[in-house]
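A.B. asks: File name my_file.cif; file contents mmCIF, C-alpha atoms; full text below.
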data_target
#
loop_
_atom_site.label_atom_id
_atom_site.label_comp_id
_atom_site.auth_asym_id
_atom_site.auth_seq_id
_atom_site.Cartn_x
_atom_site.Cartn_y
_atom_site.Cartn_z
CA MET A 855 11.37 23.39 23.38
CA GLN A 856 14.50 24.32 21.59
CA GLU A 857 15.28 21.05 19.88
CA ASN A 858 11.86 20.83 18.25
CA ARG A 859 13.27 22.85 15.42
CA ILE A 860 15.97 20.29 14.70
CA SER A 861 15.44 19.05 11.16
CA ASP A 862 15.10 15.41 10.27
CA ALA A 863 18.42 15.51 8.40
CA VAL A 864 20.22 16.68 11.54
CA ILE A 865 18.45 14.06 13.67
CA HIS A 866 19.66 11.38 11.29
CA ARG A 867 23.25 12.57 11.69
CA LEU A 868 23.10 12.59 15.52
CA PRO A 869 23.79 8.85 15.95
CA LYS A 870 26.99 9.32 13.95
CA TYR A 871 28.08 12.18 16.22
CA TYR A 872 27.19 10.06 19.21
CA ARG A 873 29.34 7.15 18.04
CA TYR A 874 32.23 9.45 17.21
CA LEU A 875 32.11 11.25 20.55
CA SER A 876 31.93 7.90 22.37
CA GLU A 877 35.14 6.84 20.61
CA LEU A 878 36.87 10.09 21.63
CA GLU A 879 35.71 9.67 25.20
CA ALA A 880 37.03 6.10 25.27
CA LEU A 881 40.39 7.51 24.17
CA GLY A 882 40.31 10.05 27.00
CA ILE A 883 39.96 13.05 24.66
CA GLU A 884 38.09 15.89 26.34
CA ARG A 885 37.93 18.56 23.63
CA VAL A 886 37.53 18.45 19.89
CA SER A 887 37.48 21.14 17.22
CA SER A 888 34.98 21.16 14.38
CA SER A 889 37.87 20.91 11.92
CA ARG A 890 39.13 17.72 13.55
CA MET A 891 35.58 16.33 13.64
CA SER A 892 35.28 17.28 10.00
CA HIS A 893 38.43 15.34 9.14
CA ASP A 894 37.59 12.28 11.24
CA MET A 895 33.90 12.09 10.32
CA ASN A 896 34.27 13.09 6.70
CA LEU A 897 31.68 15.85 7.09
CA ASN A 898 31.94 19.52 6.20
CA ALA A 899 33.15 21.60 9.20
CA SER A 900 30.57 24.34 8.71
CA GLN A 901 27.83 21.72 8.52
CA ILE A 902 29.06 20.26 11.81
CA ARG A 903 28.93 23.71 13.44
CA ARG A 904 25.44 24.31 12.04
CA ASP A 905 24.26 20.86 13.19
CA LEU A 906 25.58 21.29 16.71
CA ASN A 907 24.31 24.85 16.96
CA CYS A 908 20.80 23.49 16.48
CA PHE A 909 20.68 22.33 20.05
CA GLY A 910 22.57 24.92 21.96
CA GLY A 911 26.07 24.89 20.53
CA PHE A 912 28.71 24.14 23.12
CA GLY A 913 31.58 25.10 20.84
CA GLN A 914 33.87 27.97 21.73
CA GLN A 915 36.10 29.77 19.26
CA GLY A 916 39.65 28.46 19.63
CA TYR A 917 38.60 25.96 22.27
CA GLY A 918 36.35 23.51 20.48
CA TYR A 919 33.63 21.29 21.87
CA GLN A 920 33.61 19.57 25.22
CA VAL A 921 33.38 15.92 24.26
CA GLY A 922 31.59 14.65 27.36
CA ARG A 923 29.07 17.47 27.54
CA LEU A 924 28.25 17.30 23.84
CA LYS A 925 27.85 13.54 24.00
CA GLN A 926 25.52 13.81 27.00
CA GLU A 927 23.39 16.37 25.21
CA ILE A 928 23.11 14.21 22.09
CA MET A 929 22.22 11.20 24.25
CA ARG A 930 19.53 13.23 25.95
CA ILE A 931 18.06 14.33 22.62
CA LEU A 932 18.11 10.82 21.18
CA GLY A 933 16.80 9.28 24.38
CA ILE A 934 19.84 7.01 24.77
CA GLY A 935 20.27 5.92 28.37
CA SER A 936 16.64 6.51 29.24
CA SER A 937 15.04 3.28 30.27
CA TYR A 938 13.05 1.56 27.54
CA ARG A 939 11.47 -1.87 27.74
CA ALA A 940 11.11 -3.77 24.49
CA VAL A 941 9.66 -7.07 23.34
CA ILE A 942 10.60 -8.92 20.17
CA VAL A 943 7.87 -10.58 18.14
CA GLY A 944 9.38 -13.27 15.94
CA ALA A 945 12.18 -15.53 17.17
CA GLY A 946 13.65 -16.35 13.77
CA ASN A 947 17.14 -15.39 12.62
CA ILE A 948 16.82 -11.65 13.00
CA GLY A 949 14.83 -11.88 16.23
CA GLN A 950 17.42 -14.15 17.81
CA ALA A 951 20.32 -12.02 16.59
CA LEU A 952 18.76 -8.92 18.16
CA LEU A 953 18.06 -10.80 21.37
CA LYS A 954 21.68 -11.87 21.67
CA TYR A 955 23.06 -8.41 21.01
CA ARG A 956 23.81 -7.18 24.52
CA HIS A 957 24.79 -3.68 23.49
CA PHE A 958 21.17 -2.48 23.42
CA ALA A 959 20.69 -3.20 27.12
CA ASP A 960 23.87 -1.27 27.96
CA GLU A 961 22.32 1.81 26.39
CA GLY A 962 19.00 1.51 28.16
CA TYR A 963 16.98 -0.49 25.64
CA GLU A 964 16.15 -3.65 27.51
CA ILE A 965 14.62 -6.56 25.62
CA VAL A 966 12.38 -8.11 28.27
CA ALA A 967 10.76 -10.93 26.29
CA VAL A 968 10.51 -12.64 22.92
CA PHE A 969 7.43 -14.20 21.34
CA ASP A 970 6.76 -16.53 18.43
CA ALA A 971 3.81 -18.42 16.97
CA ASP A 972 5.82 -21.51 16.03
CA PRO A 973 5.21 -24.40 18.50
CA ASN A 974 8.68 -25.72 17.63
CA LEU A 975 10.27 -22.56 18.97
CA ILE A 976 8.03 -21.85 21.96
CA GLY A 977 9.70 -22.85 25.22
CA ARG A 978 13.25 -22.87 23.84
CA GLU A 979 15.74 -20.55 25.47
CA VAL A 980 17.68 -17.91 23.58
CA ALA A 981 20.21 -15.74 25.39
CA GLY A 982 18.74 -16.89 28.68
CA ARG A 983 15.18 -15.95 27.83
CA PRO A 984 12.40 -18.41 26.97
CA ILE A 985 10.60 -17.96 23.66
CA ARG A 986 7.01 -17.30 24.70
CA SER A 987 3.80 -18.10 22.89
CA MET A 988 2.02 -15.28 21.07
CA ASP A 989 -0.97 -16.08 23.29
CA GLU A 990 0.95 -14.59 26.22
CA LEU A 991 1.75 -11.34 24.39
CA PRO A 992 -1.30 -9.23 25.34
CA GLU A 993 -1.07 -9.87 29.05
CA PHE A 994 2.71 -9.56 29.09
CA VAL A 995 2.74 -6.19 27.34
CA LYS A 996 0.00 -4.84 29.59
CA ASN A 997 1.65 -6.01 32.80
CA ASN A 998 5.25 -5.16 32.07
CA GLY A 999 5.28 -1.56 30.92
CA VAL A 1000 6.54 -2.35 27.44
CA ASP A 1001 7.47 0.76 25.43
CA ILE A 1002 8.86 -0.67 22.21
CA GLY A 1003 7.71 -3.54 20.01
CA ILE A 1004 10.38 -5.03 17.78
CA ILE A 1005 8.91 -6.77 14.74
CA ALA A 1006 10.92 -9.66 13.32
CA VAL A 1007 8.13 -11.70 11.73
CA PRO A 1008 7.76 -12.59 8.03
CA LYS A 1009 6.48 -9.81 5.80
CA PRO A 1010 2.83 -10.98 5.55
CA PHE A 1011 2.42 -10.77 9.33
CA ALA A 1012 4.22 -7.50 9.92
CA GLN A 1013 1.32 -5.02 9.75
CA LYS A 1014 -0.96 -7.27 11.81
CA THR A 1015 1.74 -7.55 14.46
CA ALA A 1016 2.25 -3.79 14.49
CA ASP A 1017 -1.50 -3.23 14.89
CA MET A 1018 -1.61 -5.65 17.79
CA LEU A 1019 1.37 -4.09 19.56
CA VAL A 1020 -0.04 -0.59 19.13
CA SER A 1021 -3.44 -1.65 20.42
CA LEU A 1022 -1.68 -3.06 23.49
CA GLY A 1023 -0.15 0.33 24.16
CA VAL A 1024 3.44 0.30 22.88
CA LYS A 1025 4.63 3.75 21.84
CA GLY A 1026 7.33 2.73 19.38
CA ILE A 1027 7.68 0.08 16.68
CA TRP A 1028 11.11 -1.01 15.42
CA ASN A 1029 10.30 -3.04 12.34
CA PHE A 1030 12.69 -5.47 10.65
CA ALA A 1031 10.15 -7.09 8.31
CA PRO A 1032 10.92 -6.01 4.74
CA VAL A 1033 7.83 -3.83 4.42
CA ASP A 1034 6.93 -0.40 5.81
CA VAL A 1035 4.36 -0.82 8.58
CA GLN A 1036 1.96 2.01 9.36
CA VAL A 1037 1.01 3.21 12.80
CA ARG A 1038 -1.52 5.66 14.11
CA ARG A 1039 -0.64 9.21 15.13
CA GLY A 1040 1.06 9.36 18.48
CA VAL A 1041 3.03 6.18 17.93
CA SER A 1042 6.51 6.21 16.38
CA VAL A 1043 7.89 3.73 13.89
CA GLU A 1044 11.27 3.00 12.34
CA ASN A 1045 11.26 0.61 9.43
CA VAL A 1046 14.68 -1.00 8.98
CA HIS A 1047 15.50 -2.21 5.49
CA LEU A 1048 18.78 -4.07 5.62
CA SER A 1049 18.86 -4.45 1.85
CA ASP A 1050 18.88 -0.69 1.28
CA SER A 1051 22.50 -0.31 2.29
CA LEU A 1052 23.41 -3.28 0.09
CA TYR A 1053 21.81 -1.49 -2.87
CA ILE A 1054 23.71 1.69 -2.03
CA LEU A 1055 26.89 -0.35 -1.82
CA SER A 1056 26.37 -1.90 -5.24
CA TYR A 1057 25.55 1.54 -6.66
CA HIS A 1058 28.91 2.85 -5.44
CA MET A 1059 30.72 -0.27 -6.71
CA ARG A 1060 29.26 0.21 -10.18
CA ASP A 1061 30.01 3.92 -10.07
CA GLN A 1062 33.65 3.23 -9.12
CA ARG A 1063 34.00 0.61 -11.86
CA GLU A 1064 32.58 2.81 -14.56
CA ASN A 1065 34.24 6.08 -13.64
CA ASN A 1066 37.74 5.24 -12.50
CA MET B 1232 27.35 9.46 -17.79
CA GLN B 1233 24.08 11.08 -16.90
CA GLU B 1234 23.52 9.58 -13.46
CA ASN B 1235 26.91 10.70 -12.18
CA ARG B 1236 25.27 13.92 -11.21
CA ILE B 1237 22.76 12.18 -8.95
CA SER B 1238 23.27 13.49 -5.44
CA ASP B 1239 23.86 11.27 -2.46
CA ALA B 1240 20.50 12.28 -0.99
CA VAL B 1241 18.70 11.06 -4.12
CA ILE B 1242 20.72 7.83 -4.17
CA HIS B 1243 19.66 7.17 -0.60
CA ARG B 1244 15.99 7.55 -1.58
CA LEU B 1245 16.24 5.17 -4.56
CA PRO B 1246 15.87 1.97 -2.52
CA LYS B 1247 12.60 3.33 -1.17
CA TYR B 1248 11.34 4.04 -4.71
CA TYR B 1249 12.47 0.57 -5.73
CA ARG B 1250 10.53 -1.09 -2.93
CA TYR B 1251 7.44 0.98 -3.65
CA LEU B 1252 7.51 0.27 -7.40
CA SER B 1253 8.00 -3.44 -6.68
CA GLU B 1254 4.84 -3.39 -4.57
CA LEU B 1255 2.89 -1.65 -7.35
CA GLU B 1256 4.17 -4.15 -9.91
CA ALA B 1257 3.14 -7.05 -7.68
CA LEU B 1258 -0.36 -5.54 -7.63
CA GLY B 1259 -0.40 -5.34 -11.43
CA ILE B 1260 -0.34 -1.54 -11.49
CA GLU B 1261 1.35 -0.25 -14.65
CA ARG B 1262 1.24 3.52 -14.23
CA VAL B 1263 1.55 5.84 -11.29
CA SER B 1264 1.34 9.61 -10.89
CA SER B 1265 3.74 11.61 -8.78
CA SER B 1266 0.81 12.72 -6.62
CA ARG B 1267 -0.16 9.13 -5.86
CA MET B 1268 3.49 8.29 -5.14
CA SER B 1269 3.61 11.35 -2.91
CA HIS B 1270 0.60 10.13 -0.95
CA ASP B 1271 1.73 6.52 -0.67
CA MET B 1272 5.37 7.23 0.07
CA ASN B 1273 4.83 10.26 2.26
CA LEU B 1274 7.22 12.38 0.16
CA ASN B 1275 6.65 15.74 -1.47
CA ALA B 1276 5.38 15.35 -5.08
CA SER B 1277 7.71 17.97 -6.48
CA GLN B 1278 10.64 16.28 -4.77
CA ILE B 1279 9.62 12.99 -6.37
CA ARG B 1280 9.53 14.64 -9.81
CA ARG B 1281 12.92 16.25 -9.20
CA ASP B 1282 14.41 12.96 -7.95
CA LEU B 1283 13.18 10.96 -10.90
CA ASN B 1284 14.18 13.65 -13.39
CA CYS B 1285 17.78 13.18 -12.24
CA PHE B 1286 18.08 10.04 -14.28
CA GLY B 1287 16.05 10.68 -17.36
CA GLY B 1288 12.53 11.28 -16.12
CA PHE B 1289 10.03 8.86 -17.57
CA GLY B 1290 7.01 10.80 -16.37
CA GLN B 1291 4.54 12.28 -18.82
CA GLN B 1292 2.13 15.07 -17.96
CA GLY B 1293 -1.31 13.57 -17.36
CA TYR B 1294 0.00 10.06 -17.83
CA GLY B 1295 2.39 9.47 -14.97
CA TYR B 1296 5.29 7.09 -14.71
CA GLN B 1297 5.53 3.64 -16.25
CA VAL B 1298 6.01 1.44 -13.19
CA GLY B 1299 7.97 -1.36 -14.85
CA ARG B 1300 10.27 0.89 -16.82
CA LEU B 1301 10.99 3.17 -13.87
CA LYS B 1302 11.68 0.18 -11.62
CA GLN B 1303 14.08 -1.32 -14.18
CA GLU B 1304 15.95 1.96 -14.47
CA ILE B 1305 16.30 2.29 -10.70
CA MET B 1306 17.47 -1.33 -10.49
CA ARG B 1307 20.06 -0.63 -13.16
CA ILE B 1308 21.34 2.44 -11.32
CA LEU B 1309 21.52 0.63 -7.98
CA GLY B 1310 23.04 -2.47 -9.54
CA ILE B 1311 20.20 -4.71 -8.32
CA GLY B 1312 19.93 -7.85 -10.45
CA SER B 1313 23.55 -7.67 -11.56
CA SER B 1314 25.42 -10.70 -10.36
CA TYR B 1315 27.46 -10.14 -7.21
CA ARG B 1316 29.30 -12.80 -5.24
CA ALA B 1317 29.71 -12.19 -1.53
CA VAL B 1318 31.38 -13.89 1.40
CA ILE B 1319 30.51 -13.41 5.05
CA VAL B 1320 33.29 -13.19 7.60
CA GLY B 1321 31.93 -14.00 11.03
CA ALA B 1322 29.36 -16.74 11.58
CA GLY B 1323 27.86 -15.34 14.76
CA ASN B 1324 24.28 -14.16 15.14
CA ILE B 1325 24.30 -11.48 12.49
CA GLY B 1326 26.39 -13.53 10.07
CA GLN B 1327 24.04 -16.49 10.35
CA ALA B 1328 20.94 -14.32 10.03
CA LEU B 1329 22.30 -12.77 6.83
CA LEU B 1330 23.25 -16.20 5.49
CA LYS B 1331 19.73 -17.50 6.03
CA TYR B 1332 18.05 -14.51 4.41
CA ARG B 1333 17.33 -15.83 0.92
CA HIS B 1334 16.05 -12.56 -0.47
CA PHE B 1335 19.57 -11.29 -1.26
CA ALA B 1336 20.21 -14.15 -3.71
CA ASP B 1337 16.91 -13.44 -5.49
CA GLU B 1338 18.19 -9.95 -6.24
CA GLY B 1339 21.56 -11.03 -7.53
CA TYR B 1340 23.64 -10.83 -4.34
CA GLU B 1341 24.77 -14.39 -3.81
CA ILE B 1342 26.47 -15.35 -0.56
CA VAL B 1343 28.89 -18.02 -1.69
CA ALA B 1344 30.68 -18.82 1.56
CA VAL B 1345 30.96 -18.01 5.25
CA PHE B 1346 34.10 -17.98 7.40
CA ASP B 1347 34.87 -17.89 11.09
CA ALA B 1348 37.90 -18.20 13.34
CA ASP B 1349 36.12 -20.16 16.08
CA PRO B 1350 37.03 -23.89 15.98
CA ASN B 1351 33.63 -24.63 17.58
CA LEU B 1352 31.85 -23.16 14.56
CA ILE B 1353 34.12 -24.31 11.73
CA GLY B 1354 32.63 -27.27 9.89
CA ARG B 1355 29.05 -26.68 11.08
CA GLU B 1356 26.43 -26.13 8.41
CA VAL B 1357 24.23 -23.05 8.25
CA ALA B 1358 21.60 -22.72 5.55
CA GLY B 1359 23.26 -25.56 3.66
CA ARG B 1360 26.70 -24.02 3.68
CA PRO B 1361 29.64 -25.16 5.83
CA ILE B 1362 31.30 -22.58 8.05
CA ARG B 1363 34.86 -22.45 6.73
CA SER B 1364 38.06 -21.68 8.56
CA MET B 1365 39.57 -18.22 8.12
CA ASP B 1366 42.66 -20.01 6.82
CA GLU B 1367 40.73 -20.84 3.67
CA LEU B 1368 39.64 -17.25 3.06
CA PRO B 1369 42.54 -15.97 0.90
CA GLU B 1370 42.45 -18.82 -1.57
CA PHE B 1371 38.67 -18.90 -1.68
CA VAL B 1372 38.33 -15.20 -2.45
CA LYS B 1373 41.02 -15.34 -5.13
CA ASN B 1374 39.57 -18.40 -6.86
CA ASN B 1375 35.89 -17.55 -6.71
CA GLY B 1376 35.55 -14.06 -8.09
CA VAL B 1377 34.24 -12.58 -4.84
CA ASP B 1378 33.01 -8.98 -5.22
CA ILE B 1379 31.64 -8.19 -1.78
CA GLY B 1380 32.96 -8.92 1.71
CA ILE B 1381 30.35 -8.88 4.46
CA ILE B 1382 31.86 -8.21 7.86
CA ALA B 1383 30.05 -9.69 10.84
CA VAL B 1384 32.92 -10.04 13.30
CA PRO B 1385 33.25 -8.37 16.71
CA LYS B 1386 34.27 -4.71 16.65
CA PRO B 1387 37.98 -5.19 17.50
CA PHE B 1388 38.47 -7.37 14.42
CA ALA B 1389 36.45 -5.34 11.93
CA GLN B 1390 39.16 -3.10 10.44
CA LYS B 1391 41.66 -5.95 10.18
CA THR B 1392 39.05 -8.05 8.39
CA ALA B 1393 38.25 -5.21 6.00
CA ASP B 1394 41.96 -4.73 5.23
CA MET B 1395 42.35 -8.42 4.51
CA LEU B 1396 39.31 -8.56 2.23
CA VAL B 1397 40.42 -5.47 0.32
CA SER B 1398 43.95 -6.83 -0.11
CA LEU B 1399 42.39 -9.98 -1.55
CA GLY B 1400 40.61 -7.90 -4.17
CA VAL B 1401 36.99 -7.43 -3.06
CA LYS B 1402 35.50 -4.20 -4.38
CA GLY B 1403 32.82 -3.66 -1.76
CA ILE B 1404 32.61 -4.02 2.02
CA TRP B 1405 29.26 -4.35 3.78
CA ASN B 1406 30.12 -3.90 7.43
CA PHE B 1407 27.88 -4.90 10.33
CA ALA B 1408 30.45 -4.48 13.10
CA PRO B 1409 29.52 -1.46 15.22
CA VAL B 1410 32.42 0.68 14.00
CA ASP B 1411 33.08 2.52 10.73
CA VAL B 1412 35.75 0.65 8.78
CA GLN B 1413 37.94 2.54 6.33
CA VAL B 1414 38.90 1.36 2.87
CA ARG B 1415 41.27 2.66 0.25
CA ARG B 1416 40.14 4.67 -2.77
CA GLY B 1417 38.56 2.51 -5.42
CA VAL B 1418 36.80 0.27 -2.92
CA SER B 1419 33.29 0.99 -1.65
CA VAL B 1420 32.03 0.54 1.89
CA GLU B 1421 28.68 0.68 3.63
CA ASN B 1422 28.78 0.67 7.40
CA VAL B 1423 25.50 -0.56 8.85
CA HIS B 1424 24.67 0.63 12.35
CA LEU B 1425 21.55 -1.15 13.51
CA SER B 1426 21.40 0.93 16.68
CA ASP B 1427 21.08 4.19 14.75
CA SER B 1428 17.47 3.55 13.83
CA LEU B 1429 16.74 2.58 17.44
CA TYR B 1430 18.13 5.95 18.57
CA ILE B 1431 16.00 7.72 15.95
CA LEU B 1432 12.99 5.76 17.19
CA SER B 1433 13.56 6.76 20.78
CA TYR B 1434 14.06 10.38 19.69
CA HIS B 1435 10.64 10.36 18.04
CA MET B 1436 9.04 8.62 21.04
CA ARG B 1437 10.39 11.27 23.39
CA ASP B 1438 9.35 14.02 20.98
CA GLN B 1439 5.80 12.61 20.82
CA ARG B 1440 5.58 12.26 24.56
CA GLU B 1441 6.76 15.80 25.26
CA ASN B 1442 4.88 17.62 22.52
CA ASN B 1443 1.48 16.00 22.24
#
As structure tokens - that is how I would like this structure written.
C.D. replies:
Amino acid sequence: MQENRISDAVIHRLPKYYRYLSELEALGIERVSSSRMSHDMNLNASQIRRDLNCFGGFGQQGYGYQVGRLKQEIMRILGIGSSYRAVIVGAGNIGQALLKYRHFADEGYEIVAVFDADPNLIGREVAGRPIRSMDELPEFVKNNGVDIGIIAVPKPFAQKTADMLVSLGVKGIWNFAPVDVQVRRGVSVENVHLSDSLYILSYHMRDQRENN
Amino acid sequence: MQENRISDAVIHRLPKYYRYLSELEALGIERVSSSRMSHDMNLNASQIRRDLNCFGGFGQQGYGYQVGRLKQEIMRILGIGSSYRAVIVGAGNIGQALLKYRHFADEGYEIVAVFDADPNLIGREVAGRPIRSMDELPEFVKNNGVDIGIIAVPKPFAQKTADMLVSLGVKGIWNFAPVDVQVRRGVSVENVHLSDSLYILSYHMRDQRENN
């Protein structure tokens, strides 16, 4: 397939294109030139053309890109709008915040259940869903076609939780514990490290202070 | 200064090096070779050597890198362990989750106060800190040497909040609203888009499904 040659760097820029194109669409804008994208997105125009050429290139000289078509194609590549079923393991702060964030469901990522090991949390309702006991996890995952396991447990339990979810058949792990979890071939994982962007921020702050 | 020539791509890998070196240090490991780092971090060994050479290069042929010294240098570059004072604007799910996450304070990023506009939230305590009214924000920021403003308000209020924080003198904005906020020259901003890594995850899941 054509998009198999898309590099990782391009893939990592696609969400940014997607967000930008969504904004344009919301404003009723149907066409956009790479030079305007370059200005608005603070990316090099020739890089934008190269990026978008990777998966077909819908740009036309003097006409620009069709916003809706380009957005649809990026959504298709990223899998946005496909139907994914996810469970959250860990109903602490991050787990509850993710559960309450309705935007994911709008884009096809439905969080169907949340689990925790803490008896004080089990049975409580968050965002209309009961916090379930970890004991229920195996049967729930098997019976409910769960694709994605979201890990929001403390660091020492993260790998064990990933192993369990993978053994139950989930195909993707979205991990918020502050440690990289490993998965076997054939399963995908994204390790989210919230602190990383804070470090990058403080790097830029120091850089600004010392060089301006 | 030497590290001014560090590229953005290298800067974005530094947090990963930092986390890895912290793990090694916790295990009591004092030296590490680029080939071991390559294996553990799933990065190309020559890229690792190039990255680390950017800021002085503490590696020695046949000896490897000194874990502690390299970690300290990366911390210095990123500004980790310097003392930063932050406020959170928005005491919703994300704001509260960030407030409760103690790890930031351990690394020198202290969250000194949290603000919200919702009368139902103002006065409540979260993680030992009262949620303050937005009316108190200007005086608080001016009197408390606040460096970083963390934005955790709904999307329509994000830019306004950033403008206010910048006008009050904060030097860095860490934005969790799902929109890129803009700041004037001299101020730094990191826009966090949680969904982006979910999109990347679903890209990889689709790619695995279709190509294996």
A.B. asks: Applying the PyMOL selection byres ((chain B) within 8 of (chain A)) to the file I just gave you, which residues come out? Please list them as number ranges by chain.
C.D. replies: B: 1235, 1242-1243, 1246-1247, 1308-1311, 1324-1325, 1327-1328, 1331, 1335, 1402-1405, 1417-1421, 1423, 1426-1439, 1443
A.B. asks: Evaluate the PyMOL selection byres ((chain B and resi 1260) around 12) against this structure - the residues, as a PyMOL selection string, please.
C.D. replies: chain B and resi 1251-1259+1261-1264+1295-1299
A.B. asks: Could you check how far atom CA of Val1343 of chain B sits from atom CA of Lys1373 of chain B, in Å to one decimal?
C.D. replies: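 Value for the atom CA of Val1343 of chain B-atom CA of Lys1373 of chain B distance: 12.9 Å.
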A.B. asks: Rounded to one decimal in Å, what is the spacing between atom CA of Ile928 of chain A and atom CA of Phe909 of chain A?
C.D. replies: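 Atom CA of Phe909 of chain A lies 8.7 Å from atom CA of Ile928 of chain A.
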A.B. asks: Give as a list in words the residues that the PyMOL selection byres ((chain B and resi 1346) around 7) matches when applied to the coordinates above.
C.D. replies: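 On the file shown, the PyMOL selection byres ((chain B and resi 1346) around 7) covers Ile1319, Val1320, Gly1321, Ala1322, Ala1344, Val1345, Asp1347, Ile1362, Arg1363, Ser1364 and Met1365 of chain B.
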A.B. asks: How many Å lie between atom CA of Leu975 of chain A and atom CA of Gly1354 of chain B, rounded to one decimal?
C.D. replies: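 Atom-to-atom, atom CA of Leu975 of chain A and atom CA of Gly1354 of chain B are spaced 24.6 Å apart.
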A.B. asks: Just need the box for segment 1009-1024 of chain A, edges along x, y and z, holding every atom the file lists for it with 8 Å tacked onto each side, so centre and edge lengths in Å to one decimal, as lines of an AutoDock Vina configuration file.
C.D. replies:
center_x = 1.5
center_y = -5.3
center_z = 14.9
size_x = 25.9
size_y = 27.3
size_z = 34.6
A.B. asks: Which residue is closest to Ser1398 of chain B? Choose from B:Ala1240, B:Ala1358, B:Leu1368, B:Ala1348 and count all atoms listed in the file.
C.D. replies: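 Smallest distance to Ser1398 of chain B is found for B:Leu1368.
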A.B. asks: Excluding Gln1413 of chain B and any residue of its chain fewer than 3 positions from it, enumerate the residues within 9 Å of it, using only C-alpha atoms, and give them as a PyMOL selection string.
C.D. replies: chain B and resi 1390+1393-1394+1420
